[in-house]
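K.L.:
For reference, the structure I am asking about is given below.
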Amino acid sequence: MFRSVAAFELRYQLRSPAFWVTAIIFFLLTFAATASDNVSIGSGGNVWKNSPYAIAQTLMVMSVFAVFIMTAFVANVVVRDDETGFGPIIHSTRVSRFDYLFGRFTGAFLAGCLLFLSVPAGMMIGAAMPWLDPETLGSFNLGHYAWIYLLVCVPTLFVTGAGFFGKILPGGFLPDKAHGIGGVVG
């Protein structure tokens, strides 16, 4: 049942216009930062645009913005049930509370991870543009992108998503959802 709930939530998030608009914005920002000298994310400096340092710096800066996206995804999971009144209906079925809540969180988390893939994709495609000076690029290595994505970005998305999810759960740390980001920081 956990897998069914997670798959439902993932499909729901992937159909959301907010998912696609944010993915396009993230993609275009990192594409422009890599393919143009007019846009920069991070310090730039005297390094190749696709060096491990530049990739790590760009992905880490963009993960700061992704914190807000993960917050929106996981908050939507809980608030959507309260707004529609569907939560009590689900809790009266044979779906366990664990399967339901963590399935919904898992689906939202996977959607956030898929959305964040637009960041390295924008960098990779931006680095392949023919107008770039070859002196500003190193050789392409997919491992550099995968390493920082899997070891820094995915855990960051998980921790922030889980933290906000725990804060807004009914019966969780905060009794009402109005505290938002201030409840986590404070």
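Ligands are numbered from 1 in the order shown, chains are lettered A, B, ... in the order of the structure tokens, and residues start at 1 in each chain.
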Produce a table with one row for each residue of segment 8-34 of chain A that has an atom at most 10 Å from any atom of segment 84-103 of chain A, each row naming the nearest atom pair and its distance in Å at one decimal; use only C-alpha atoms; arrange rows by chain and rising residue number; format as a tab-separated table.
P.N.:
```
residue	atom	partner	partner_atom	distance
A:Phe8	CA	A:Gly103	CA	8.7
A:Glu9	CA	A:Gly103	CA	7.6
A:Leu10	CA	A:Gly103	CA	9.4
```
K.L.:
Taking the DSSP secondary structure from the backbone, can you list the residues of segment 11-114 of chain A that are alpha helix (DSSP H), as a PyMOL selection string?
P.N.:
chain A and resi 11-14+17-35+52-84+87-91+97-114
K.L.:
So, counting only C-alpha atoms, which residue among A:Val21, A:Val47, A:Ala75, A:Ala66 is closest to Ala162 of chain A?
P.N.:
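Comparing A:Val21, A:Val47, A:Ala75, A:Ala66 against Ala162 of chain A, the winner is A:Ala75.
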K.L.:
Pick out the residues sitting within 9 Å of Val78 of chain A, and hand them over as a VMD selection string; count only C-alpha atoms, and ignore anything fewer than 4 positions along from it in its own chain.
P.N.:
chain A and resid 74 82 to 83 87 101 104 165 168 to 170
K.L.:
For segment 121-138 of chain A, find every residue with an atom within 12 Å (counting only C-alpha atoms), except residues of its own chain fewer than 4 positions away, and show them as a PyMOL selection string.
P.N.:
chain A and resi 23-37+39-41+44-59+62+114-117+142-146+149
K.L.:
Quick one: write out the picked residues with N, CA and C atoms as a short mmCIF file (atom, residue, chain, number, x, y, z; two decimals), in the first residue's frame?
P.N.:
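What landed in result20.cif:
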```
data_model
loop_
_atom_site.label_atom_id
_atom_site.label_comp_id
_atom_site.auth_asym_id
_atom_site.auth_seq_id
_atom_site.Cartn_x
_atom_site.Cartn_y
_atom_site.Cartn_z
N ALA A 23 10.67 23.71 -12.55
CA ALA A 23 11.71 22.96 -13.26
C ALA A 23 12.25 23.77 -14.43
N ILE A 24 11.37 24.45 -15.15
CA ILE A 24 11.81 25.28 -16.28
C ILE A 24 12.66 26.44 -15.79
N ILE A 25 12.24 27.08 -14.70
CA ILE A 25 13.01 28.21 -14.16
C ILE A 25 14.39 27.74 -13.71
N PHE A 26 14.45 26.63 -12.97
CA PHE A 26 15.74 26.11 -12.52
C PHE A 26 16.62 25.74 -13.71
N PHE A 27 16.03 25.10 -14.72
CA PHE A 27 16.78 24.72 -15.90
C PHE A 27 17.34 25.95 -16.60
N LEU A 28 16.49 26.93 -16.83
CA LEU A 28 16.93 28.13 -17.56
C LEU A 28 17.99 28.92 -16.79
N LEU A 29 17.85 28.99 -15.48
CA LEU A 29 18.87 29.70 -14.68
C LEU A 29 20.24 29.04 -14.82
N THR A 30 20.29 27.74 -14.67
CA THR A 30 21.58 27.07 -14.73
C THR A 30 22.10 26.96 -16.16
N PHE A 31 21.20 26.85 -17.12
CA PHE A 31 21.60 26.86 -18.52
C PHE A 31 22.25 28.20 -18.85
N ALA A 32 21.59 29.29 -18.45
CA ALA A 32 22.13 30.63 -18.74
C ALA A 32 23.44 30.87 -18.00
N ALA A 33 23.54 30.37 -16.79
CA ALA A 33 24.78 30.56 -16.03
C ALA A 33 25.95 29.84 -16.68
N THR A 34 25.67 28.72 -17.33
CA THR A 34 26.74 27.95 -17.98
C THR A 34 27.01 28.44 -19.40
N ALA A 35 25.96 28.78 -20.12
CA ALA A 35 26.10 29.11 -21.55
C ALA A 35 26.33 30.59 -21.81
N SER A 36 26.30 31.43 -20.79
CA SER A 36 26.44 32.87 -20.99
C SER A 36 27.37 33.46 -19.94
N ASP A 37 28.04 34.52 -20.33
CA ASP A 37 28.88 35.23 -19.37
C ASP A 37 28.09 36.30 -18.62
N VAL A 39 25.19 35.84 -16.96
CA VAL A 39 24.50 35.29 -15.79
C VAL A 39 25.50 34.47 -15.00
N SER A 40 25.52 34.69 -13.68
CA SER A 40 26.43 33.87 -12.87
C SER A 40 25.71 33.41 -11.61
N ILE A 41 26.02 32.19 -11.24
CA ILE A 41 25.54 31.62 -9.98
C ILE A 41 26.80 31.23 -9.23
N GLY A 44 32.08 32.02 -9.80
CA GLY A 44 32.72 31.88 -11.10
C GLY A 44 34.22 31.74 -10.93
N GLY A 45 34.95 32.79 -11.23
CA GLY A 45 36.39 32.76 -11.05
C GLY A 45 37.09 32.17 -12.26
N ASN A 46 38.31 31.75 -12.05
CA ASN A 46 39.15 31.25 -13.12
C ASN A 46 39.11 29.71 -13.15
N VAL A 47 37.90 29.16 -13.27
CA VAL A 47 37.73 27.71 -13.35
C VAL A 47 36.87 27.39 -14.57
N TRP A 48 36.97 26.18 -15.05
CA TRP A 48 36.11 25.76 -16.15
C TRP A 48 34.65 25.81 -15.72
N LYS A 49 33.78 26.10 -16.66
CA LYS A 49 32.35 26.21 -16.35
C LYS A 49 31.74 24.86 -15.97
N ASN A 50 32.39 23.79 -16.38
CA ASN A 50 31.89 22.46 -16.01
C ASN A 50 32.88 21.70 -15.12
N SER A 51 33.67 22.45 -14.37
CA SER A 51 34.59 21.81 -13.43
C SER A 51 33.81 21.29 -12.22
N PRO A 52 34.35 20.33 -11.50
CA PRO A 52 33.66 19.84 -10.31
C PRO A 52 33.36 20.96 -9.31
N TYR A 53 34.27 21.92 -9.19
CA TYR A 53 34.04 23.04 -8.27
C TYR A 53 32.85 23.88 -8.72
N ALA A 54 32.80 24.22 -10.01
CA ALA A 54 31.70 25.05 -10.52
C ALA A 54 30.37 24.30 -10.43
N ILE A 55 30.40 23.01 -10.71
CA ILE A 55 29.18 22.20 -10.60
C ILE A 55 28.70 22.16 -9.16
N ALA A 56 29.61 21.90 -8.24
CA ALA A 56 29.24 21.83 -6.83
C ALA A 56 28.70 23.16 -6.33
N GLN A 57 29.37 24.23 -6.69
CA GLN A 57 28.94 25.54 -6.24
C GLN A 57 27.55 25.89 -6.77
N THR A 58 27.31 25.64 -8.04
CA THR A 58 26.01 25.95 -8.63
C THR A 58 24.91 25.09 -8.03
N LEU A 59 25.16 23.80 -7.90
CA LEU A 59 24.13 22.93 -7.34
C LEU A 59 23.84 23.26 -5.88
N MET A 62 21.75 26.46 -5.81
CA MET A 62 20.38 26.17 -6.24
C MET A 62 19.63 25.32 -5.21
N LEU A 114 13.25 14.85 -8.63
CA LEU A 114 13.12 14.91 -10.09
C LEU A 114 13.16 16.35 -10.58
N LEU A 115 12.49 17.24 -9.87
CA LEU A 115 12.53 18.65 -10.24
C LEU A 115 13.96 19.18 -10.19
N PHE A 116 14.69 18.80 -9.16
CA PHE A 116 16.05 19.32 -9.01
C PHE A 116 17.00 18.76 -10.06
N LEU A 117 16.64 17.69 -10.73
CA LEU A 117 17.46 17.19 -11.84
C LEU A 117 17.55 18.20 -12.97
N LEU A 142 30.03 12.88 -16.53
CA LEU A 142 28.73 12.74 -15.86
C LEU A 142 28.89 12.47 -14.37
N GLY A 143 29.96 11.81 -14.00
CA GLY A 143 30.20 11.50 -12.59
C GLY A 143 30.30 12.73 -11.71
N HIS A 144 30.84 13.82 -12.25
CA HIS A 144 30.93 15.05 -11.45
C HIS A 144 29.54 15.57 -11.08
N TYR A 145 28.62 15.51 -12.03
CA TYR A 145 27.26 15.97 -11.77
C TYR A 145 26.54 15.01 -10.81
N ALA A 146 26.69 13.72 -11.06
CA ALA A 146 26.00 12.71 -10.24
C ALA A 146 26.51 12.72 -8.80
N TYR A 149 25.14 15.76 -6.92
CA TYR A 149 23.69 15.64 -6.82
C TYR A 149 23.30 14.61 -5.76
#
```
K.L.:
Can you list, as a ChimeraX atom specification, every protein, DNA or RNA residue that comes within 10 Å of Gly112 of chain A when you count only C-alpha atoms, leaving out same-chain residues fewer than 5 positions away?
P.N.:
/A:10,13-14,19,23,66-67,69-74,106-107,117,154,157-158,161
K.L.:
Any chance you can output those residues with N, CA and C atoms as a PDB file, in the first residue's frame?
P.N.:
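Below you can see selection.pdb, which holds the result:
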```
ATOM      1  N   LEU A  10       3.405  11.031  -6.269  1.00  0.00           N
ATOM      2  CA  LEU A  10       4.366  11.417  -7.299  1.00  0.00           C
ATOM      3  C   LEU A  10       3.644  11.836  -8.580  1.00  0.00           C
ATOM      4  N   GLN A  13       2.061  15.277  -8.043  1.00  0.00           N
ATOM      5  CA  GLN A  13       3.023  16.377  -8.085  1.00  0.00           C
ATOM      6  C   GLN A  13       3.536  16.613  -9.507  1.00  0.00           C
ATOM      7  N   LEU A  14       3.735  15.539 -10.276  1.00  0.00           N
ATOM      8  CA  LEU A  14       4.236  15.691 -11.648  1.00  0.00           C
ATOM      9  C   LEU A  14       3.205  16.347 -12.566  1.00  0.00           C
ATOM     10  N   PHE A  19       5.222  22.364 -10.473  1.00  0.00           N
ATOM     11  CA  PHE A  19       6.371  21.497 -10.708  1.00  0.00           C
ATOM     12  C   PHE A  19       7.064  21.895 -12.006  1.00  0.00           C
ATOM     13  N   ALA A  23      10.673  23.710 -12.550  1.00  0.00           N
ATOM     14  CA  ALA A  23      11.706  22.957 -13.263  1.00  0.00           C
ATOM     15  C   ALA A  23      12.249  23.771 -14.433  1.00  0.00           C
ATOM     16  N   ALA A  66      15.855  25.376  -3.607  1.00  0.00           N
ATOM     17  CA  ALA A  66      15.042  24.163  -3.605  1.00  0.00           C
ATOM     18  C   ALA A  66      14.430  23.885  -2.238  1.00  0.00           C
ATOM     19  N   VAL A  67      15.002  24.454  -1.186  1.00  0.00           N
ATOM     20  CA  VAL A  67      14.417  24.301   0.148  1.00  0.00           C
ATOM     21  C   VAL A  67      12.976  24.810   0.136  1.00  0.00           C
ATOM     22  N   ILE A  69      11.015  25.027  -2.470  1.00  0.00           N
ATOM     23  CA  ILE A  69      10.210  24.158  -3.317  1.00  0.00           C
ATOM     24  C   ILE A  69       9.809  22.901  -2.554  1.00  0.00           C
ATOM     25  N   MET A  70      10.754  22.306  -1.822  1.00  0.00           N
ATOM     26  CA  MET A  70      10.429  21.118  -1.029  1.00  0.00           C
ATOM     27  C   MET A  70       9.390  21.451   0.040  1.00  0.00           C
ATOM     28  N   THR A  71       9.507  22.626   0.612  1.00  0.00           N
ATOM     29  CA  THR A  71       8.521  23.054   1.604  1.00  0.00           C
ATOM     30  C   THR A  71       7.136  23.104   0.989  1.00  0.00           C
ATOM     31  N   ALA A  72       7.043  23.660  -0.206  1.00  0.00           N
ATOM     32  CA  ALA A  72       5.749  23.746  -0.869  1.00  0.00           C
ATOM     33  C   ALA A  72       5.197  22.355  -1.194  1.00  0.00           C
ATOM     34  N   PHE A  73       6.059  21.451  -1.640  1.00  0.00           N
ATOM     35  CA  PHE A  73       5.591  20.110  -1.982  1.00  0.00           C
ATOM     36  C   PHE A  73       5.082  19.359  -0.755  1.00  0.00           C
ATOM     37  N   VAL A  74       5.869  19.337   0.313  1.00  0.00           N
ATOM     38  CA  VAL A  74       5.453  18.544   1.473  1.00  0.00           C
ATOM     39  C   VAL A  74       4.330  19.227   2.249  1.00  0.00           C
ATOM     40  N   THR A 106       7.077  10.394   0.622  1.00  0.00           N
ATOM     41  CA  THR A 106       8.008   9.816  -0.347  1.00  0.00           C
ATOM     42  C   THR A 106       7.705  10.297  -1.757  1.00  0.00           C
ATOM     43  N   GLY A 107       6.436  10.343  -2.109  1.00  0.00           N
ATOM     44  CA  GLY A 107       6.057  10.841  -3.431  1.00  0.00           C
ATOM     45  C   GLY A 107       6.452  12.292  -3.632  1.00  0.00           C
ATOM     46  N   LEU A 117      16.635  17.689 -10.731  1.00  0.00           N
ATOM     47  CA  LEU A 117      17.464  17.189 -11.837  1.00  0.00           C
ATOM     48  C   LEU A 117      17.552  18.198 -12.975  1.00  0.00           C
ATOM     49  N   VAL A 154      20.564  15.630  -2.823  1.00  0.00           N
ATOM     50  CA  VAL A 154      19.475  14.740  -2.401  1.00  0.00           C
ATOM     51  C   VAL A 154      19.354  14.700  -0.873  1.00  0.00           C
ATOM     52  N   LEU A 157      17.701  17.949   0.192  1.00  0.00           N
ATOM     53  CA  LEU A 157      16.269  17.928  -0.086  1.00  0.00           C
ATOM     54  C   LEU A 157      15.525  17.036   0.908  1.00  0.00           C
ATOM     55  N   PHE A 158      16.125  15.914   1.259  1.00  0.00           N
ATOM     56  CA  PHE A 158      15.482  15.008   2.211  1.00  0.00           C
ATOM     57  C   PHE A 158      15.353  15.635   3.593  1.00  0.00           C
ATOM     58  N   GLY A 161      12.858  18.567   3.475  1.00  0.00           N
ATOM     59  CA  GLY A 161      11.502  18.063   3.279  1.00  0.00           C
ATOM     60  C   GLY A 161      10.980  17.349   4.508  1.00  0.00           C
TER      61      GLY A 161
END
```
K.L.:
Enter the distance from atom CA of Ser118 of chain A to atom CA of Phe2 of chain A, in Å, rounded to one decimal.
P.N.:
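Between atom CA of Ser118 of chain A and atom CA of Phe2 of chain A the gap is 27.0 Å.
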K.L.:
For a quick check of understanding, using only C-alpha atoms, which of A:Pro155, A:Val119, A:Ala111, A:Pro17 has the smallest distance to Val61 of chain A?
P.N.:
A:Val119
K.L.:
Suppose you want the space between atom CA of Ala18 of chain A and atom CA of Val152 of chain A; what is it in Å?
P.N.:
23.9 Å
K.L.:
Between atom CA of Ser4 of chain A and atom CA of Ser63 of chain A, what is the spacing in Å?
P.N.:
28.3 Å
